[in-house]
Amino acid sequence: MPDGAQPVLDVRGLKTVFRTRSGEVHAVNDVSFSLQRGEVLGVVGESGSGKSVTMMSLLRLLPMPPAMIRGGEALLNGRDMLKAGPKELRAIRGGKVGFVFQDPMTSLNPVFTVGMQIMEPLRKHLGLSHDKAAARAVELLDLVGIPDARRRLGDYPHQFSGGMRQRVMIAIALACDPDVLIADEPTTALDVTIQAQILELMKDLRQKLGMAIVWITHDLGVIAGIADRVMVMYGGQVVEEAPVRDLFARPQHPYTRALLQTIPKISGPREARLKVIEGQPPILNAPPSACPFRARCEYRFDRCDAENPALRPVGAGHAVACHWQAPAAPLAAAEVSHA
Amino acid sequence: MLTYTLRRLLLAIPTLLLISLVIFLVVDLAPGSPMSEIPLTVPPEVQAKIRAALGLDAPFYVRYLLWMKQFFWTEPLYGIDNLFGTQLAGDAPRLLSYSSRAPVFRIIGERLPQTLTVIGSAYLLAIVIALPIGIYSAYRQYSWFDQIGTFISMIGFSVPTFFTGLVMILIFTVYLGWFPSIFNTSLRVTDWATFKQMLHQMTLPVVVLALYNAAEVSRYTRSSMLENLSQDYVRTARAKGMGEGTVVLKHVLRNSLIPVVTIIALGAPTIFGGAIVTEQVFKINGIGAALISAIHVNDLPVVQTIAFLTAILIVLFNLIADILYGVLDPRIRYD
Ligand SMILES: Nc1ncnc2c1ncn2[C@@H]1O[C@H](COP(=O)(O)OP(=O)(O)OP(=O)(O)O)[C@@H](O)[C@H]1O
Ligand SMILES: [Mg+2]
């Protein structure tokens, strides 16, 4: 992807809060990122770090209230989605931007056939007739690897397995040939072999269709396999952003370093859950005035309590939000020194 | 589905037989006898003849079997004869009321239409009012509309119909004089004028019954909609770019209606119970009134038959509710 070309998605200064009985939850704090055409951006971060809320804010899929988008812009091909009227927004959802959710067991409507649910966006966005939409739905099911597609159009979601349902969800998201596909932990609810299959399918589809993908995951192994660039989130903020190789070779943020150390070495279960890092995630009841990671950080010093670090460049396409300067040594050395 | 329905129908037969026996025994063994209505001045030998004529001398199982035979065989034959002018029943003895000696089913046939028009329209009206209110209340949870609606339906649900009925009569009949206080049972709708008259006299009882049932149905609709509105598939529908109308009235409503339809079907026979009270309050000469007066004079065949018909309705609507559930929810497959 050539540098300098207009990104297909450009998010700047996004802020989302939830208004709850016990006060405001600042779930997304000044998040900025961009996505080039055909690029795969991996988003990692522990549970509650604001990955889903960030992506759902873009399409305003959060329940409002309690959610509220406080500020920022989200340019899709140069047009701000956050300012789009209801009609334009509906045209973007499922048209220009496809969304795949985490839990395939509950994300499909149980009382409608799978065919109807795939055809719905086709008829709505592309204005296809029933027969044309049905033909396209068969193509899509073929594309995502569901055998005997024509017959299965009339089946209900409960007649499909979890992996098959996630394929259906992917087919729905791809239906109108989107520019951006947002996949929010699309494989977390599936067992390991199915996860691998879905991952292969997505790599393959990306090759064939060339859309840009935002892939949210807990699994750094998946990131290594599919992403071009990685964004690490913590406490509703982006704490590090880098090309995938660079991130694995030279992680700068103490949180990223800790994350990378939690990956099991060779085989072992792929389940690299991030809970292993000691300490509690930050409480998000006020806009951050200090580094959100400071309570769990071993390099903490005065400045971390006084000032929330901004992203600063540390290499080509590599930025980190940390006051501490990581030594130029690779991760292995850091590991030894902490042991 | 078909085999399931047939199996359920077959299963209903022993259930209903058992219910019929219980009804017969309870009514038969209850204190008080049809003879207590006969003046004491009637000589004992005449009284004995009356007893014999009423069939009261036979042991209870003979009377039970006779009742069953008349209920399931003789009376349906008379019904067919009546409809098609055939002579199937011959001159088999009909099921007769003790007090009026008229066939029980003729009495029921005369009273049922009043009850059905009032209850039927009240129930339909209740559903027509309740569904939109329940849907909108859930969609705009905690809005003014929702708060007021929830408050009203709580009142409608907790205040008994005889009370609302009396209040309505007091306001609209006694003070305002807008509606008649007595239901003219002999009114036949033949033209526009009598139709308007019918509507006019039906208004108060229908409104009272409808309010009560609408409160219940809208509460169910609201909670069912709320439960579904927060489901993941709703977010999926929005993420596909569907409009709010499609999301709410197609995706969410279709799921929410499954339990609501079941409640509506199950509630249909039980509102006959509420109708008994309403008929008393508004002096409608319907099936409820017939039952009450039959109880007063110990007219056992009428009481037993109406009670048993109600039991049949309940079993039938249970079956309908089950079948509807299967039709509406593809995850449920019988057989
Ligand atoms: N409806 C809500 N009301 C209040 N707070 C919310 C709501 N939804 C999310 N949050 C808060 O927003 C923050 C970010 O949540 P988010 O779902 O984006 O996390 P995530 O990174 O996607 O986590 P996971 O990996 O578990 O999916 C969390 O602290 C969460 O408590
Ligand atoms: Mg999430």
# chains A, B, ... in the order shown; residues from 1 in each chain; ligands from 1
>>> interface_residues(of="chain B", to="chain A", cutoff="12 Å", atoms="only C-alpha atoms", output="ChimeraX atom specification")
/B:139-142,228-244,246-247,250-258,325-333
>>> residues_near_ligand(ligand="ligand 1", cutoff="10 Å", atoms="only C-alpha atoms and all ligand atoms", output="MDAnalysis selection string")
chainID A and resid 16:28 43:57 62:67 102 184:185 188 216:218 233:236 273:274 281:285
>>> write_last_selection(atoms="C-alpha atoms", output="PDB file, in the first residue's frame")
ATOM      1  CA  THR A  16     -17.054   7.653  23.408  1.00  0.00           C
ATOM      2  CA  VAL A  17     -18.554   7.662  26.896  1.00  0.00           C
ATOM      3  CA  PHE A  18     -21.305   5.663  28.567  1.00  0.00           C
ATOM      4  CA  ARG A  19     -23.605   7.476  30.905  1.00  0.00           C
ATOM      5  CA  THR A  20     -24.472   5.120  33.706  1.00  0.00           C
ATOM      6  CA  ARG A  21     -26.115   5.497  37.105  1.00  0.00           C
ATOM      7  CA  SER A  22     -22.744   5.559  38.776  1.00  0.00           C
ATOM      8  CA  GLY A  23     -21.338   8.242  36.495  1.00  0.00           C
ATOM      9  CA  GLU A  24     -19.646   8.329  33.120  1.00  0.00           C
ATOM     10  CA  VAL A  25     -17.509   5.535  31.738  1.00  0.00           C
ATOM     11  CA  HIS A  26     -14.874   6.887  29.392  1.00  0.00           C
ATOM     12  CA  ALA A  27     -14.579   3.842  27.187  1.00  0.00           C
ATOM     13  CA  VAL A  28     -12.816   5.421  24.200  1.00  0.00           C
ATOM     14  CA  VAL A  43      -6.411  -4.558  17.095  1.00  0.00           C
ATOM     15  CA  VAL A  44      -5.317  -6.136  20.375  1.00  0.00           C
ATOM     16  CA  GLY A  45      -5.826  -5.306  24.009  1.00  0.00           C
ATOM     17  CA  GLU A  46      -7.231  -6.968  27.059  1.00  0.00           C
ATOM     18  CA  SER A  47     -10.918  -7.302  27.802  1.00  0.00           C
ATOM     19  CA  GLY A  48     -12.522  -3.928  28.435  1.00  0.00           C
ATOM     20  CA  SER A  49      -9.798  -1.944  26.672  1.00  0.00           C
ATOM     21  CA  GLY A  50     -12.370  -0.434  24.310  1.00  0.00           C
ATOM     22  CA  LYS A  51     -11.786  -2.366  21.100  1.00  0.00           C
ATOM     23  CA  SER A  52     -15.413  -3.184  20.400  1.00  0.00           C
ATOM     24  CA  VAL A  53     -16.740   0.159  21.553  1.00  0.00           C
ATOM     25  CA  THR A  54     -14.291   1.953  19.246  1.00  0.00           C
ATOM     26  CA  MET A  55     -15.397  -0.006  16.190  1.00  0.00           C
ATOM     27  CA  MET A  56     -19.083   0.091  16.995  1.00  0.00           C
ATOM     28  CA  SER A  57     -18.860   3.841  17.559  1.00  0.00           C
ATOM     29  CA  LEU A  62     -23.926   1.216  20.322  1.00  0.00           C
ATOM     30  CA  PRO A  63     -27.158   1.660  22.219  1.00  0.00           C
ATOM     31  CA  MET A  64     -27.605   5.424  22.619  1.00  0.00           C
ATOM     32  CA  PRO A  65     -28.261   6.146  25.422  1.00  0.00           C
ATOM     33  CA  PRO A  66     -26.266   5.064  27.418  1.00  0.00           C
ATOM     34  CA  ALA A  67     -23.502   5.478  24.831  1.00  0.00           C
ATOM     35  CA  GLN A 102     -17.966 -12.145  18.060  1.00  0.00           C
ATOM     36  CA  ASP A 184     -14.780  -8.187  16.116  1.00  0.00           C
ATOM     37  CA  GLU A 185     -13.176 -11.323  17.524  1.00  0.00           C
ATOM     38  CA  THR A 188     -13.150 -16.319  19.775  1.00  0.00           C
ATOM     39  CA  ILE A 216     -10.052  -7.394  16.647  1.00  0.00           C
ATOM     40  CA  THR A 217      -8.616 -10.244  18.647  1.00  0.00           C
ATOM     41  CA  HIS A 218      -7.080 -11.404  21.885  1.00  0.00           C
ATOM     42  CA  MET A 233      -5.272  -0.607  23.010  1.00  0.00           C
ATOM     43  CA  TYR A 234      -5.269  -0.095  26.735  1.00  0.00           C
ATOM     44  CA  GLY A 235      -7.818   1.712  28.902  1.00  0.00           C
ATOM     45  CA  GLY A 236      -9.671   3.116  25.902  1.00  0.00           C
ATOM     46  CA  ARG A 273      -5.527 -14.757  26.995  1.00  0.00           C
ATOM     47  CA  LEU A 274      -4.114 -11.503  28.242  1.00  0.00           C
ATOM     48  CA  PRO A 281      -7.373  -2.718  34.369  1.00  0.00           C
ATOM     49  CA  PRO A 282      -7.898   1.017  34.909  1.00  0.00           C
ATOM     50  CA  ILE A 283     -11.199   2.445  36.106  1.00  0.00           C
ATOM     51  CA  LEU A 284     -12.531   4.638  33.336  1.00  0.00           C
ATOM     52  CA  ASN A 285     -14.711   7.007  35.316  1.00  0.00           C
TER      53      ASN A 285
END
>>> residues_around(residues="stretch 15-29 of chain B", least_positions_apart="5", cutoff="8 Å", atoms="only C-alpha atoms", output="PyMOL selection string")
chain B and resi 64+300+303-304+307-308+311-312+315
>>> select_by_dssp(residues="stretch 35-85 of chain A", states="strand (DSSP E)", output="MDAnalysis selection string")
chainID A and resid 35 40:44 67:76 79:80
>>> write_last_selection(atoms="N, CA, C and O atoms", output="PDB file, in the first residue's frame")
ATOM      1  N   LEU A  35      -6.647   3.363   8.004  1.00  0.00           N
ATOM      2  CA  LEU A  35      -6.633   2.066   7.350  1.00  0.00           C
ATOM      3  C   LEU A  35      -6.494   2.302   5.857  1.00  0.00           C
ATOM      4  O   LEU A  35      -7.288   3.032   5.263  1.00  0.00           O
ATOM      5  N   VAL A  40      -4.739  -4.962   6.350  1.00  0.00           N
ATOM      6  CA  VAL A  40      -5.349  -5.621   7.502  1.00  0.00           C
ATOM      7  C   VAL A  40      -4.748  -5.035   8.768  1.00  0.00           C
ATOM      8  O   VAL A  40      -3.548  -5.136   9.004  1.00  0.00           O
ATOM      9  N   LEU A  41      -5.623  -4.400   9.554  1.00  0.00           N
ATOM     10  CA  LEU A  41      -5.179  -3.806  10.803  1.00  0.00           C
ATOM     11  C   LEU A  41      -5.620  -4.708  11.946  1.00  0.00           C
ATOM     12  O   LEU A  41      -6.802  -4.978  12.107  1.00  0.00           O
ATOM     13  N   GLY A  42      -4.648  -5.185  12.715  1.00  0.00           N
ATOM     14  CA  GLY A  42      -4.993  -5.995  13.882  1.00  0.00           C
ATOM     15  C   GLY A  42      -5.178  -5.087  15.092  1.00  0.00           C
ATOM     16  O   GLY A  42      -4.413  -4.156  15.287  1.00  0.00           O
ATOM     17  N   VAL A  43      -6.197  -5.344  15.872  1.00  0.00           N
ATOM     18  CA  VAL A  43      -6.411  -4.558  17.095  1.00  0.00           C
ATOM     19  C   VAL A  43      -6.364  -5.517  18.273  1.00  0.00           C
ATOM     20  O   VAL A  43      -7.126  -6.476  18.330  1.00  0.00           O
ATOM     21  N   VAL A  44      -5.417  -5.269  19.191  1.00  0.00           N
ATOM     22  CA  VAL A  44      -5.317  -6.136  20.375  1.00  0.00           C
ATOM     23  C   VAL A  44      -5.435  -5.293  21.643  1.00  0.00           C
ATOM     24  O   VAL A  44      -5.295  -4.076  21.626  1.00  0.00           O
ATOM     25  N   ALA A  67     -24.739   5.050  25.477  1.00  0.00           N
ATOM     26  CA  ALA A  67     -23.502   5.478  24.831  1.00  0.00           C
ATOM     27  C   ALA A  67     -23.659   6.877  24.243  1.00  0.00           C
ATOM     28  O   ALA A  67     -24.760   7.298  23.882  1.00  0.00           O
ATOM     29  N   MET A  68     -22.567   7.585  24.136  1.00  0.00           N
ATOM     30  CA  MET A  68     -22.581   8.901  23.541  1.00  0.00           C
ATOM     31  C   MET A  68     -21.224   9.141  22.906  1.00  0.00           C
ATOM     32  O   MET A  68     -20.198   8.912  23.549  1.00  0.00           O
ATOM     33  N   ILE A  69     -21.233   9.578  21.655  1.00  0.00           N
ATOM     34  CA  ILE A  69     -19.958   9.881  21.011  1.00  0.00           C
ATOM     35  C   ILE A  69     -19.656  11.350  21.272  1.00  0.00           C
ATOM     36  O   ILE A  69     -20.391  12.231  20.837  1.00  0.00           O
ATOM     37  N   ARG A  70     -18.565  11.603  22.000  1.00  0.00           N
ATOM     38  CA  ARG A  70     -18.266  12.946  22.479  1.00  0.00           C
ATOM     39  C   ARG A  70     -17.535  13.782  21.453  1.00  0.00           C
ATOM     40  O   ARG A  70     -17.603  14.998  21.458  1.00  0.00           O
ATOM     41  N   GLY A  71     -16.812  13.098  20.589  1.00  0.00           N
ATOM     42  CA  GLY A  71     -16.052  13.897  19.659  1.00  0.00           C
ATOM     43  C   GLY A  71     -15.268  13.022  18.702  1.00  0.00           C
ATOM     44  O   GLY A  71     -15.278  11.796  18.799  1.00  0.00           O
ATOM     45  N   GLY A  72     -14.623  13.703  17.738  1.00  0.00           N
ATOM     46  CA  GLY A  72     -13.796  12.996  16.785  1.00  0.00           C
ATOM     47  C   GLY A  72     -14.472  12.891  15.449  1.00  0.00           C
ATOM     48  O   GLY A  72     -15.623  13.305  15.264  1.00  0.00           O
ATOM     49  N   GLU A  73     -13.743  12.365  14.496  1.00  0.00           N
ATOM     50  CA  GLU A  73     -14.340  12.111  13.196  1.00  0.00           C
ATOM     51  C   GLU A  73     -13.893  10.763  12.676  1.00  0.00           C
ATOM     52  O   GLU A  73     -12.870  10.220  13.111  1.00  0.00           O
ATOM     53  N   ALA A  74     -14.685  10.207  11.796  1.00  0.00           N
ATOM     54  CA  ALA A  74     -14.374   8.909  11.206  1.00  0.00           C
ATOM     55  C   ALA A  74     -14.619   9.022   9.715  1.00  0.00           C
ATOM     56  O   ALA A  74     -15.748   8.919   9.255  1.00  0.00           O
ATOM     57  N   LEU A  75     -13.547   9.304   8.979  1.00  0.00           N
ATOM     58  CA  LEU A  75     -13.699   9.542   7.550  1.00  0.00           C
ATOM     59  C   LEU A  75     -13.645   8.239   6.781  1.00  0.00           C
ATOM     60  O   LEU A  75     -12.660   7.503   6.844  1.00  0.00           O
ATOM     61  N   LEU A  76     -14.712   7.969   6.069  1.00  0.00           N
ATOM     62  CA  LEU A  76     -14.738   6.813   5.177  1.00  0.00           C
ATOM     63  C   LEU A  76     -14.658   7.372   3.771  1.00  0.00           C
ATOM     64  O   LEU A  76     -15.566   8.089   3.339  1.00  0.00           O
ATOM     65  N   ARG A  79     -15.397  10.995   3.760  1.00  0.00           N
ATOM     66  CA  ARG A  79     -16.645  11.552   4.326  1.00  0.00           C
ATOM     67  C   ARG A  79     -16.827  11.091   5.771  1.00  0.00           C
ATOM     68  O   ARG A  79     -16.633   9.922   6.087  1.00  0.00           O
ATOM     69  N   ASP A  80     -17.226  12.037   6.628  1.00  0.00           N
ATOM     70  CA  ASP A  80     -17.307  11.729   8.050  1.00  0.00           C
ATOM     71  C   ASP A  80     -18.573  10.920   8.364  1.00  0.00           C
ATOM     72  O   ASP A  80     -19.686  11.411   8.255  1.00  0.00           O
TER      73      ASP A  80
END
>>> residues_around(residues="stretch 123-125 of chain B", least_positions_apart="2", cutoff="8 Å", atoms="only C-alpha atoms", output="PDB file with N, CA, C and O atoms, in the first residue's frame")
ATOM      1  N   ILE B 119     -67.498 -10.673  24.390  1.00  0.00           N
ATOM      2  CA  ILE B 119     -66.141 -11.113  24.745  1.00  0.00           C
ATOM      3  C   ILE B 119     -65.223 -11.101  23.549  1.00  0.00           C
ATOM      4  O   ILE B 119     -64.080 -10.643  23.615  1.00  0.00           O
ATOM      5  N   GLY B 120     -65.742 -11.607  22.431  1.00  0.00           N
ATOM      6  CA  GLY B 120     -64.915 -11.685  21.218  1.00  0.00           C
ATOM      7  C   GLY B 120     -64.447 -10.304  20.818  1.00  0.00           C
ATOM      8  O   GLY B 120     -63.253 -10.081  20.587  1.00  0.00           O
ATOM      9  N   SER B 121     -65.387  -9.330  20.757  1.00  0.00           N
ATOM     10  CA  SER B 121     -64.930  -8.010  20.324  1.00  0.00           C
ATOM     11  C   SER B 121     -64.027  -7.385  21.372  1.00  0.00           C
ATOM     12  O   SER B 121     -63.081  -6.682  21.016  1.00  0.00           O
ATOM     13  N   ILE B 127     -56.370  -6.779  21.912  1.00  0.00           N
ATOM     14  CA  ILE B 127     -55.133  -7.117  21.199  1.00  0.00           C
ATOM     15  C   ILE B 127     -54.711  -5.969  20.293  1.00  0.00           C
ATOM     16  O   ILE B 127     -53.542  -5.582  20.235  1.00  0.00           O
ATOM     17  N   VAL B 128     -55.712  -5.408  19.583  1.00  0.00           N
ATOM     18  CA  VAL B 128     -55.410  -4.318  18.651  1.00  0.00           C
ATOM     19  C   VAL B 128     -54.828  -3.113  19.384  1.00  0.00           C
ATOM     20  O   VAL B 128     -53.928  -2.435  18.892  1.00  0.00           O
ATOM     21  N   ILE B 129     -55.331  -2.855  20.592  1.00  0.00           N
ATOM     22  CA  ILE B 129     -54.790  -1.728  21.366  1.00  0.00           C
ATOM     23  C   ILE B 129     -53.430  -2.091  21.962  1.00  0.00           C
ATOM     24  O   ILE B 129     -52.486  -1.308  21.930  1.00  0.00           O
ATOM     25  N   LEU B 209     -63.923  -4.955  29.610  1.00  0.00           N
ATOM     26  CA  LEU B 209     -63.179  -6.205  29.410  1.00  0.00           C
ATOM     27  C   LEU B 209     -61.899  -5.964  28.623  1.00  0.00           C
ATOM     28  O   LEU B 209     -60.845  -6.526  28.921  1.00  0.00           O
ATOM     29  N   ALA B 210     -61.988  -5.098  27.600  1.00  0.00           N
ATOM     30  CA  ALA B 210     -60.832  -4.847  26.745  1.00  0.00           C
ATOM     31  C   ALA B 210     -59.711  -4.193  27.535  1.00  0.00           C
ATOM     32  O   ALA B 210     -58.541  -4.555  27.372  1.00  0.00           O
ATOM     33  N   ASN B 213     -57.909  -6.859  29.545  1.00  0.00           N
ATOM     34  CA  ASN B 213     -57.071  -7.763  28.752  1.00  0.00           C
ATOM     35  C   ASN B 213     -55.944  -7.027  28.038  1.00  0.00           C
ATOM     36  O   ASN B 213     -54.846  -7.561  27.886  1.00  0.00           O
ATOM     37  N   ALA B 214     -56.232  -5.786  27.609  1.00  0.00           N
ATOM     38  CA  ALA B 214     -55.179  -5.011  26.943  1.00  0.00           C
ATOM     39  C   ALA B 214     -54.021  -4.776  27.906  1.00  0.00           C
ATOM     40  O   ALA B 214     -52.852  -4.823  27.509  1.00  0.00           O
ATOM     41  N   ALA B 268     -57.611 -16.848  25.889  1.00  0.00           N
ATOM     42  CA  ALA B 268     -58.941 -16.767  25.279  1.00  0.00           C
ATOM     43  C   ALA B 268     -60.017 -17.482  26.096  1.00  0.00           C
ATOM     44  O   ALA B 268     -61.048 -16.883  26.398  1.00  0.00           O
TER      45      ALA B 268
END
>>> residues_around(residues="A:Val238", least_positions_apart="5", cutoff="8 Å", atoms="only C-alpha atoms", output="mmCIF file with N, CA, C and O atoms, in the first residue's frame")
data_model
loop_
_atom_site.group_PDB
_atom_site.id
_atom_site.type_symbol
_atom_site.label_atom_id
_atom_site.label_comp_id
_atom_site.auth_asym_id
_atom_site.auth_seq_id
_atom_site.Cartn_x
_atom_site.Cartn_y
_atom_site.Cartn_z
ATOM 1 N N VAL A 31 -9.102 8.231 20.365
ATOM 2 C CA VAL A 31 -8.493 7.187 19.540
ATOM 3 C C VAL A 31 -8.391 7.656 18.094
ATOM 4 O O VAL A 31 -9.350 8.179 17.529
ATOM 5 N N SER A 32 -7.198 7.505 17.518
ATOM 6 C CA SER A 32 -6.990 7.836 16.108
ATOM 7 C C SER A 32 -6.296 6.672 15.432
ATOM 8 O O SER A 32 -5.402 6.053 16.008
ATOM 9 N N MET A 231 -2.518 -2.380 16.175
ATOM 10 C CA MET A 231 -2.811 -1.281 17.077
ATOM 11 C C MET A 231 -3.090 -1.913 18.434
ATOM 12 O O MET A 231 -3.898 -2.816 18.538
ATOM 13 N N VAL A 232 -2.350 -1.469 19.449
ATOM 14 C CA VAL A 232 -2.536 -2.036 20.783
ATOM 15 C C VAL A 232 -3.344 -1.040 21.602
ATOM 16 O O VAL A 232 -3.004 0.145 21.667
ATOM 17 N N MET A 233 -4.433 -1.507 22.218
ATOM 18 C CA MET A 233 -5.272 -0.607 23.010
ATOM 19 C C MET A 233 -5.171 -0.941 24.487
ATOM 20 O O MET A 233 -5.033 -2.108 24.870
ATOM 21 N N LEU A 311 0.881 9.785 21.694
ATOM 22 C CA LEU A 311 1.635 8.914 20.787
ATOM 23 C C LEU A 311 2.820 9.680 20.225
ATOM 24 O O LEU A 311 2.672 10.825 19.797
ATOM 25 N N ALA A 321 2.749 5.453 23.019
ATOM 26 C CA ALA A 321 2.317 6.457 23.988
ATOM 27 C C ALA A 321 2.877 6.074 25.343
ATOM 28 O O ALA A 321 2.252 5.355 26.102
#
>>> residues_around(residues="B:Leu211", least_positions_apart="2", cutoff="12 Å", atoms="only C-alpha atoms", output="count of residues only")
37
>>> residues_around(residues="stretch 252-255 of chain A", least_positions_apart="5", cutoff="8 Å", atoms="only C-alpha atoms", output="PyMOL selection string")
chain A and resi 239-240+247+293+297-299+320-322+325-326
>>> atom_distance(atom1="atom CA of B:Asn285", atom2="atom CA of B:Thr185")
6.1 Å
>>> select_by_dssp(residues="stretch 4-149 of chain B", states="helix (DSSP H, G or I)", output="ChimeraX atom specification")
/B:4-29,34-37,44-54,60-84,104-139,144-149
>>> atom_distance(atom1="atom CA of B:Lys283", atom2="atom CA of B:Phe195")
19.4 Å
